[in-house]
Amino acid sequence: MKCRRCRAHAVIELPRHNAAFCSDCFFLHCERQVVKAIEDHEMIDGDDRVLIGISGGKDSLALWHILKGVGIEADGLYLNLGIGDYSVRSGELARKFAEANGLELKTVDLVDQVGFDIPGGARSARRPTCSVCGLSKRHLLNREARVGGYDIVATGHNLDDESATLLGNLLHWQNEYVARQAPTLPDDEAGFVKKVKPLVRLGEKETAAYCVLRGIDYVVDECPMVGGNTGLAYKEALSVLEATSPGTRQMFLYGFYERGRDLFPPAMRDIELVSCAECGCPTPASGDPVSYCAFCKMRRQAIRTQGGAGQEIRAR
Ligand code: SF4
Ligand code: ZN
């Protein structure tokens, strides 16, 4: 098997591109896919301050490394979710990567900051673990970006993640979610920082190979809570289709970005936002005199069930 670009010995085959690459040409391929995503979807301007959500996994570390390689400076934010050994290991690897590459990594510890870890919060709030985790990550990433004066929050969601999310939302006709699914979500005066997903043109196999070939040590074990994550089943369904017909995933997702998104009324994206009465973050208006964001409602429920343990978080 020879590299499509330079004819050297190829180390990876990418059926959806009908191509194989040697390691150097594969790195170039990954950088080009990320730059194309950034340009096509107007993700990052030259002087933007970028904060990346770092989990210690292959996607976020590959993203951080690729952005540095193409000259985009970014700081990282690691959220300690308190998921046993998994969080300990992922935190170690995130710090090791940052130190080795001379990058700044901030850390937020959930227990210190909001009064619960993810397993405890999910039990107390009586909600699925991944729902509590996803809500906490979105909230804290946005909050830390606002407080730190960042223009952009970047996350390591890749082609497999985004196509699986789209499939799940379409299967359940969750039209509002479909209408809002995009690789770039603009900032909002109410306080949402602009969010971008520069890996939407790279699949999981590519980010894993990027890390292995670059010698980046990432947390390989799956999160022990992943059993409750329905997104996995959608990923597997798309993997079956991709194996039969390479390119299905990207046709599905890019076709949606180019043509499908307009089928869902833009009005669905225009939601009146107000400040959460507890933390000051933007939230859809509830119609009541005061509104609380989904995170603060979930946190209050968790803390009430725990008998009032935990500190109040105040507007920052
Ligand atoms: Fe969080 Fe669920 Fe992902 Fe684990 S699998 S990190 S609990 S979203
Ligand atoms: Zn709030």
# chains A, B, ... in the order shown; residues from 1 in each chain; ligands from 1

call {"tool": "residues_around", "arguments": {"residues": "range 206-219 of chain A", "least_positions_apart": "2", "cutoff": "9 Å", "atoms": "only C-alpha atoms", "output": "number ranges by chain"}}
result
A: 12, 14, 23, 26-27, 30, 55-63, 86, 89-90, 93-94, 96-97, 158, 199, 202-204, 221-222

call {"tool": "closest_atom_pairs", "arguments": {"of": "range 18-135 of chain A", "to": "range 143-147 of chain A", "cutoff": "12 Å", "atoms": "only C-alpha atoms", "output": "CSV"}}
result
residue,atom,partner,partner_atom,distance
A:Arg49,CA,A:Ala145,CA,9.4
A:Val50,CA,A:Ala145,CA,8.5
A:Leu51,CA,A:Ala145,CA,6.6
A:Ile52,CA,A:Ala145,CA,9.3
A:Gly53,CA,A:Ala145,CA,10.0
A:Ala74,CA,A:Ala145,CA,11.7
A:Asp75,CA,A:Ala145,CA,10.2
A:Gly76,CA,A:Ala145,CA,10.3
A:Leu77,CA,A:Glu144,CA,8.3
A:Tyr78,CA,A:Glu144,CA,10.7
A:Leu79,CA,A:Glu144,CA,10.4
A:Lys106,CA,A:Glu144,CA,9.4
A:Thr107,CA,A:Glu144,CA,9.9
A:Val108,CA,A:Glu144,CA,8.8
A:Gln113,CA,A:Glu144,CA,11.4

call {"tool": "write_last_selection", "arguments": {"atoms": "N, CA, C and O atoms", "output": "PDB file, in the first residue's frame"}}
result
ATOM      1  N   ARG A  49      -9.170  34.850  20.779  1.00  0.00           N
ATOM      2  CA  ARG A  49      -8.621  34.050  21.895  1.00  0.00           C
ATOM      3  C   ARG A  49      -9.462  32.783  21.993  1.00  0.00           C
ATOM      4  O   ARG A  49     -10.685  32.841  22.112  1.00  0.00           O
ATOM      5  N   VAL A  50      -8.790  31.632  21.939  1.00  0.00           N
ATOM      6  CA  VAL A  50      -9.485  30.344  21.847  1.00  0.00           C
ATOM      7  C   VAL A  50      -9.257  29.519  23.118  1.00  0.00           C
ATOM      8  O   VAL A  50      -8.129  29.407  23.596  1.00  0.00           O
ATOM      9  N   LEU A  51     -10.332  28.953  23.630  1.00  0.00           N
ATOM     10  CA  LEU A  51     -10.254  28.029  24.771  1.00  0.00           C
ATOM     11  C   LEU A  51     -10.774  26.675  24.299  1.00  0.00           C
ATOM     12  O   LEU A  51     -11.892  26.578  23.784  1.00  0.00           O
ATOM     13  N   ILE A  52      -9.968  25.615  24.466  1.00  0.00           N
ATOM     14  CA  ILE A  52     -10.385  24.266  24.045  1.00  0.00           C
ATOM     15  C   ILE A  52     -10.769  23.450  25.274  1.00  0.00           C
ATOM     16  O   ILE A  52     -10.047  23.453  26.274  1.00  0.00           O
ATOM     17  N   GLY A  53     -11.896  22.759  25.182  1.00  0.00           N
ATOM     18  CA  GLY A  53     -12.268  21.812  26.229  1.00  0.00           C
ATOM     19  C   GLY A  53     -11.405  20.568  26.077  1.00  0.00           C
ATOM     20  O   GLY A  53     -11.454  19.897  25.050  1.00  0.00           O
ATOM     21  N   ALA A  74      -4.087  28.422  21.389  1.00  0.00           N
ATOM     22  CA  ALA A  74      -5.277  28.137  22.193  1.00  0.00           C
ATOM     23  C   ALA A  74      -4.848  27.683  23.572  1.00  0.00           C
ATOM     24  O   ALA A  74      -3.824  27.005  23.722  1.00  0.00           O
ATOM     25  N   ASP A  75      -5.630  28.053  24.585  1.00  0.00           N
ATOM     26  CA  ASP A  75      -5.442  27.509  25.925  1.00  0.00           C
ATOM     27  C   ASP A  75      -6.412  26.347  26.095  1.00  0.00           C
ATOM     28  O   ASP A  75      -7.403  26.239  25.358  1.00  0.00           O
ATOM     29  N   GLY A  76      -6.125  25.496  27.076  1.00  0.00           N
ATOM     30  CA  GLY A  76      -7.002  24.354  27.326  1.00  0.00           C
ATOM     31  C   GLY A  76      -7.717  24.494  28.664  1.00  0.00           C
ATOM     32  O   GLY A  76      -7.226  25.169  29.567  1.00  0.00           O
ATOM     33  N   LEU A  77      -8.882  23.883  28.747  1.00  0.00           N
ATOM     34  CA  LEU A  77      -9.601  23.824  30.023  1.00  0.00           C
ATOM     35  C   LEU A  77      -9.941  22.369  30.298  1.00  0.00           C
ATOM     36  O   LEU A  77     -10.636  21.714  29.512  1.00  0.00           O
ATOM     37  N   TYR A  78      -9.422  21.869  31.414  1.00  0.00           N
ATOM     38  CA  TYR A  78      -9.745  20.494  31.820  1.00  0.00           C
ATOM     39  C   TYR A  78     -10.741  20.539  32.965  1.00  0.00           C
ATOM     40  O   TYR A  78     -10.518  21.230  33.971  1.00  0.00           O
ATOM     41  N   LEU A  79     -11.856  19.824  32.815  1.00  0.00           N
ATOM     42  CA  LEU A  79     -12.859  19.747  33.877  1.00  0.00           C
ATOM     43  C   LEU A  79     -12.682  18.421  34.599  1.00  0.00           C
ATOM     44  O   LEU A  79     -12.808  17.358  33.975  1.00  0.00           O
ATOM     45  N   LYS A 106      -5.903  25.181  32.025  1.00  0.00           N
ATOM     46  CA  LYS A 106      -6.613  25.555  33.253  1.00  0.00           C
ATOM     47  C   LYS A 106      -7.396  24.323  33.726  1.00  0.00           C
ATOM     48  O   LYS A 106      -7.789  23.499  32.910  1.00  0.00           O
ATOM     49  N   THR A 107      -7.641  24.249  35.016  1.00  0.00           N
ATOM     50  CA  THR A 107      -8.406  23.113  35.541  1.00  0.00           C
ATOM     51  C   THR A 107      -9.548  23.621  36.405  1.00  0.00           C
ATOM     52  O   THR A 107      -9.370  24.556  37.190  1.00  0.00           O
ATOM     53  N   VAL A 108     -10.722  23.035  36.221  1.00  0.00           N
ATOM     54  CA  VAL A 108     -11.853  23.315  37.097  1.00  0.00           C
ATOM     55  C   VAL A 108     -12.281  21.993  37.718  1.00  0.00           C
ATOM     56  O   VAL A 108     -12.508  21.007  37.013  1.00  0.00           O
ATOM     57  N   GLN A 113     -16.108  23.485  42.700  1.00  0.00           N
ATOM     58  CA  GLN A 113     -16.801  24.617  42.076  1.00  0.00           C
ATOM     59  C   GLN A 113     -18.318  24.545  42.189  1.00  0.00           C
ATOM     60  O   GLN A 113     -18.978  25.566  42.276  1.00  0.00           O
TER      61      GLN A 113
END

call {"tool": "closest_atom_pairs", "arguments": {"of": "chain A", "to": "ligand 2", "cutoff": "9 Å", "atoms": "only C-alpha atoms and all ligand atoms", "output": "CSV"}}
result
residue,atom,partner,partner_atom_place_in_ligand_line,distance
A:His139,CA,ligand 2,1 (Zn),8.3
A:Ser275,CA,ligand 2,1 (Zn),7.8
A:Cys276,CA,ligand 2,1 (Zn),4.6
A:Ala277,CA,ligand 2,1 (Zn),6.6
A:Glu278,CA,ligand 2,1 (Zn),5.0
A:Cys279,CA,ligand 2,1 (Zn),4.1
A:Gly280,CA,ligand 2,1 (Zn),6.0
A:Cys281,CA,ligand 2,1 (Zn),5.5
A:Pro282,CA,ligand 2,1 (Zn),7.6
A:Thr283,CA,ligand 2,1 (Zn),7.6
A:Ser291,CA,ligand 2,1 (Zn),8.5
A:Tyr292,CA,ligand 2,1 (Zn),5.3
A:Cys293,CA,ligand 2,1 (Zn),4.2
A:Ala294,CA,ligand 2,1 (Zn),6.8
A:Phe295,CA,ligand 2,1 (Zn),5.7
A:Cys296,CA,ligand 2,1 (Zn),4.3
A:Lys297,CA,ligand 2,1 (Zn),7.3
A:Arg299,CA,ligand 2,1 (Zn),9.0
A:Ile313,CA,ligand 2,1 (Zn),8.6
A:Arg314,CA,ligand 2,1 (Zn),8.7
A:Ala315,CA,ligand 2,1 (Zn),8.1

call {"tool": "write_last_selection", "arguments": {"atoms": "N, CA and C atoms", "output": "mmCIF file, in the first residue's frame"}}
result
data_model
loop_
_atom_site.group_PDB
_atom_site.id
_atom_site.type_symbol
_atom_site.label_atom_id
_atom_site.label_comp_id
_atom_site.auth_asym_id
_atom_site.auth_seq_id
_atom_site.Cartn_x
_atom_site.Cartn_y
_atom_site.Cartn_z
ATOM 1 N N HIS A 139 -22.004 24.130 30.338
ATOM 2 C CA HIS A 139 -22.158 25.297 31.203
ATOM 3 C C HIS A 139 -20.797 25.828 31.668
ATOM 4 N N SER A 275 -30.809 36.424 31.543
ATOM 5 C CA SER A 275 -29.748 35.956 32.444
ATOM 6 C C SER A 275 -30.331 35.059 33.528
ATOM 7 N N CYS A 276 -29.649 33.973 33.793
ATOM 8 C CA CYS A 276 -30.051 33.087 34.889
ATOM 9 C C CYS A 276 -29.964 33.860 36.206
ATOM 10 N N ALA A 277 -31.016 33.758 37.022
ATOM 11 C CA ALA A 277 -31.057 34.513 38.277
ATOM 12 C C ALA A 277 -30.005 34.013 39.269
ATOM 13 N N GLU A 278 -29.485 32.835 39.060
ATOM 14 C CA GLU A 278 -28.508 32.285 40.002
ATOM 15 C C GLU A 278 -27.066 32.556 39.571
ATOM 16 N N CYS A 279 -26.734 32.250 38.316
ATOM 17 C CA CYS A 279 -25.328 32.322 37.900
ATOM 18 C C CYS A 279 -25.061 33.409 36.876
ATOM 19 N N GLY A 280 -26.109 34.020 36.331
ATOM 20 C CA GLY A 280 -25.913 35.101 35.360
ATOM 21 C C GLY A 280 -25.688 34.627 33.937
ATOM 22 N N CYS A 281 -25.631 33.311 33.710
ATOM 23 C CA CYS A 281 -25.411 32.806 32.348
ATOM 24 C C CYS A 281 -26.704 32.896 31.539
ATOM 25 N N PRO A 282 -26.601 32.979 30.209
ATOM 26 C CA PRO A 282 -27.814 33.104 29.401
ATOM 27 C C PRO A 282 -28.667 31.839 29.440
ATOM 28 N N THR A 283 -29.965 32.049 29.376
ATOM 29 C CA THR A 283 -30.886 30.911 29.383
ATOM 30 C C THR A 283 -32.181 31.334 28.703
ATOM 31 N N SER A 291 -35.754 33.647 35.764
ATOM 32 C CA SER A 291 -35.482 32.365 35.086
ATOM 33 C C SER A 291 -34.171 31.791 35.605
ATOM 34 N N TYR A 292 -34.105 30.484 35.665
ATOM 35 C CA TYR A 292 -32.875 29.796 36.049
ATOM 36 C C TYR A 292 -32.419 28.934 34.877
ATOM 37 N N CYS A 293 -31.102 28.865 34.669
ATOM 38 C CA CYS A 293 -30.601 28.054 33.555
ATOM 39 C C CYS A 293 -30.741 26.566 33.913
ATOM 40 N N ALA A 294 -30.646 25.720 32.890
ATOM 41 C CA ALA A 294 -30.830 24.276 33.090
ATOM 42 C C ALA A 294 -29.796 23.732 34.064
ATOM 43 N N PHE A 295 -28.571 24.281 34.018
ATOM 44 C CA PHE A 295 -27.527 23.794 34.912
ATOM 45 C C PHE A 295 -27.872 24.114 36.364
ATOM 46 N N CYS A 296 -28.290 25.365 36.625
ATOM 47 C CA CYS A 296 -28.595 25.736 38.016
ATOM 48 C C CYS A 296 -29.803 24.964 38.546
ATOM 49 N N LYS A 297 -30.786 24.705 37.653
ATOM 50 C CA LYS A 297 -31.949 23.909 38.101
ATOM 51 C C LYS A 297 -31.491 22.502 38.470
ATOM 52 N N ARG A 299 -28.503 21.582 39.339
ATOM 53 C CA ARG A 299 -27.621 21.644 40.505
ATOM 54 C C ARG A 299 -28.425 21.806 41.796
ATOM 55 N N ILE A 313 -23.161 28.771 43.834
ATOM 56 C CA ILE A 313 -22.312 29.512 42.894
ATOM 57 C C ILE A 313 -23.018 30.804 42.572
ATOM 58 N N ARG A 314 -22.274 31.848 42.542
ATOM 59 C CA ARG A 314 -22.837 33.169 42.315
ATOM 60 C C ARG A 314 -22.419 33.666 40.941
ATOM 61 N N ALA A 315 -23.155 34.666 40.468
ATOM 62 C CA ALA A 315 -22.836 35.241 39.164
ATOM 63 C C ALA A 315 -21.379 35.671 39.137
#

call {"tool": "residues_near_ligand", "arguments": {"ligand": "ligand 1", "cutoff": "9 Å", "atoms": "only C-alpha atoms and all ligand atoms", "output": "list in words"}}
result
Ser55, Leu81, Ile83, Ser87, Ile118, Pro119, Pro128, Thr129, Cys130, Ser131, Val132, Cys133, Gly134, Leu135, Lys137, Glu222, Cys223, Pro224, Met225, Val226, Gly227, Gly228 and Asn229 of chain A

call {"tool": "select_by_dssp", "arguments": {"residues": "range 85-210 of chain A", "states": "strand (DSSP E or B)", "output": "list in words"}}
result
Leu105, Lys106, Thr107, Val108, Asp109, Ile152, Val153, Ala154, Thr184, Leu185, Asp188, Phe192, Lys194, Lys195 and Val196 of chain A

call {"tool": "write_last_selection", "arguments": {"atoms": "N, CA and C atoms", "output": "mmCIF file, in the first residue's frame"}}
result
data_model
loop_
_atom_site.group_PDB
_atom_site.id
_atom_site.type_symbol
_atom_site.label_atom_id
_atom_site.label_comp_id
_atom_site.auth_asym_id
_atom_site.auth_seq_id
_atom_site.Cartn_x
_atom_site.Cartn_y
_atom_site.Cartn_z
ATOM 1 N N LEU A 105 -2.840 25.043 30.457
ATOM 2 C CA LEU A 105 -4.034 24.249 30.772
ATOM 3 C C LEU A 105 -4.634 24.748 32.086
ATOM 4 N N LYS A 106 -5.903 25.181 32.025
ATOM 5 C CA LYS A 106 -6.613 25.555 33.253
ATOM 6 C C LYS A 106 -7.396 24.323 33.726
ATOM 7 N N THR A 107 -7.641 24.249 35.016
ATOM 8 C CA THR A 107 -8.406 23.113 35.541
ATOM 9 C C THR A 107 -9.548 23.621 36.405
ATOM 10 N N VAL A 108 -10.722 23.035 36.221
ATOM 11 C CA VAL A 108 -11.853 23.315 37.097
ATOM 12 C C VAL A 108 -12.281 21.993 37.718
ATOM 13 N N ASP A 109 -12.363 21.994 39.040
ATOM 14 C CA ASP A 109 -12.747 20.785 39.765
ATOM 15 C C ASP A 109 -14.230 20.901 40.123
ATOM 16 N N ILE A 152 -13.701 32.377 21.706
ATOM 17 C CA ILE A 152 -14.123 31.114 21.082
ATOM 18 C C ILE A 152 -13.966 29.964 22.075
ATOM 19 N N VAL A 153 -14.962 29.084 22.100
ATOM 20 C CA VAL A 153 -14.810 27.790 22.766
ATOM 21 C C VAL A 153 -14.739 26.739 21.662
ATOM 22 N N ALA A 154 -13.648 25.964 21.635
ATOM 23 C CA ALA A 154 -13.502 24.889 20.642
ATOM 24 C C ALA A 154 -13.602 23.544 21.352
ATOM 25 N N THR A 184 -20.451 25.692 13.731
ATOM 26 C CA THR A 184 -20.151 26.980 14.364
ATOM 27 C C THR A 184 -21.446 27.541 14.928
ATOM 28 N N LEU A 185 -21.447 27.839 16.207
ATOM 29 C CA LEU A 185 -22.598 28.516 16.806
ATOM 30 C C LEU A 185 -22.140 29.906 17.217
ATOM 31 N N ASP A 188 -23.538 35.267 21.483
ATOM 32 C CA ASP A 188 -24.819 35.897 21.705
ATOM 33 C C ASP A 188 -24.618 36.974 22.762
ATOM 34 N N PHE A 192 -23.559 33.860 25.543
ATOM 35 C CA PHE A 192 -23.003 32.621 24.996
ATOM 36 C C PHE A 192 -21.776 32.974 24.170
ATOM 37 N N LYS A 194 -18.984 32.156 21.333
ATOM 38 C CA LYS A 194 -19.016 31.428 20.060
ATOM 39 C C LYS A 194 -18.417 30.026 20.240
ATOM 40 N N LYS A 195 -19.081 29.014 19.658
ATOM 41 C CA LYS A 195 -18.612 27.632 19.827
ATOM 42 C C LYS A 195 -18.283 27.031 18.464
ATOM 43 N N VAL A 196 -17.147 26.350 18.390
ATOM 44 C CA VAL A 196 -16.742 25.768 17.111
ATOM 45 C C VAL A 196 -16.273 24.322 17.299
#

call {"tool": "residues_around", "arguments": {"residues": "range 32-40 of chain A", "least_positions_apart": "2", "cutoff": "8 Å", "atoms": "only C-alpha atoms", "output": "list in words"}}
result
Leu28, His29, Cys30, Glu42, Met43, Ile44, Ile66, Val70, Pro198, Leu199, Val200, Arg201 and Leu202 of chain A

call {"tool": "select_by_dssp", "arguments": {"residues": "range 81-161 of chain A", "states": "alpha helix (DSSP H)", "output": "JSON, numbers by chain"}}
result
{"A": [84, 85, 86, 87, 88, 89, 90, 91, 92, 93, 94, 95, 96, 97, 98, 99, 100, 110, 111, 112, 113, 114, 118, 119, 120, 121, 122, 123, 124, 125, 129, 130, 131, 132, 133, 134, 135, 136, 137, 138, 139, 140, 141, 142, 143, 144, 145, 146, 147, 148, 159, 160, 161]}
